[in-house]
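The structure appears below as structure tokens.
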Amino acid sequence: ASTARASWQGEGTRYRVEIATDAGFASTLGRLETTAAQTDLPELPPGNYYLRVTAMDAEGHTSLPSSPLAFELKHDFPWWLLLPALLLI
């Protein structure tokens, strides 16, 4: 699994962050709320994902969700697995 951090600019006092596997957010994987204009995303397996953010003000009014942002998480190869092969050279 890979971790990532998302950040954005906004005027809200709270933000709702949604992650999905499709741009239409029919397959939403998670939703979280934060008071900062950034968040660490949950651990996800390598793959293609979409993120959108909705701002909320102190009275609970929400903005329209942002346009979906596509991103890809790649597999982090553990470099130390190469050590035995390098020792044989």
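Letters A, B, ... mark the chains of the structure tokens in the order given; residue numbers begin at 1 per chain; ligand numbers begin at 1, in order shown.
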
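Residues with any atom within 9 Å of A:Gly10, counting only C-alpha atoms and excluding same-chain neighbours fewer than 3 positions away, are Thr13, Tyr15, Ala37 and Ala55 of chain A.
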
task = Determine, counting only C-alpha atoms, which protein, DNA and RNA residues have an atom within 7 Å of an atom of A:Ser7; residues of the same chain fewer than 2 positions away are not included. Present the result as an MDAnalysis selection string.
result = chainID A and resid 5 37:39

Save the residues we just selected, N, CA, C and O atoms, as a compact mmCIF listing (two decimals), in the first residue's frame?
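And here is the file that came out, again25.txt:
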```
# COMPACT_ATOMS: atom_id res chain seq x y z
N ARG A 5 -0.13 12.59 0.38
CA ARG A 5 -0.69 13.78 1.03
C ARG A 5 -1.31 14.65 -0.05
O ARG A 5 -0.74 14.83 -1.12
N ALA A 37 -6.15 22.76 5.15
CA ALA A 37 -6.25 22.66 3.69
C ALA A 37 -5.25 21.63 3.16
O ALA A 37 -4.65 21.81 2.12
N GLN A 38 -5.10 20.56 3.92
CA GLN A 38 -4.28 19.42 3.51
C GLN A 38 -4.64 18.22 4.37
O GLN A 38 -5.22 18.38 5.45
N THR A 39 -4.33 17.05 3.87
CA THR A 39 -4.58 15.84 4.65
C THR A 39 -3.72 14.70 4.13
O THR A 39 -3.35 14.69 2.95
```

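For the choices A:Thr62, A:Thr35, A:Gln9, A:Asn48, the atom-to-atom distance to A:Asp22 is smallest for A:Asn48 when using only C-alpha atoms.
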
Picked from stretch 8-73 of chain A by DSSP as strand (DSSP E), as a PyMOL selection string = chain A and resi 14-20+28-34+38-40+47-56+69-73

task = Mind checking which residues fall within 8 Å of A:Pro68, counting only C-alpha atoms, ignoring those fewer than 3 positions away in the same chain, and posting them as a PyMOL selection string?
result = chain A and resi 23+50-52

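Restricting the calculation to only C-alpha atoms, the smallest distance between A:Leu44 and any of A:Met56, A:Leu32, A:Ala70, A:Ala20 is found for A:Ala20.
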
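Atom pair atom CA of A:Gly12 / atom CA of A:Tyr49: separated by 24.0 Å.
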
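Atom pair atom CA of A:Ala4 / atom CA of A:Thr34 has a distance of 15.4 Å (rounded to one decimal).
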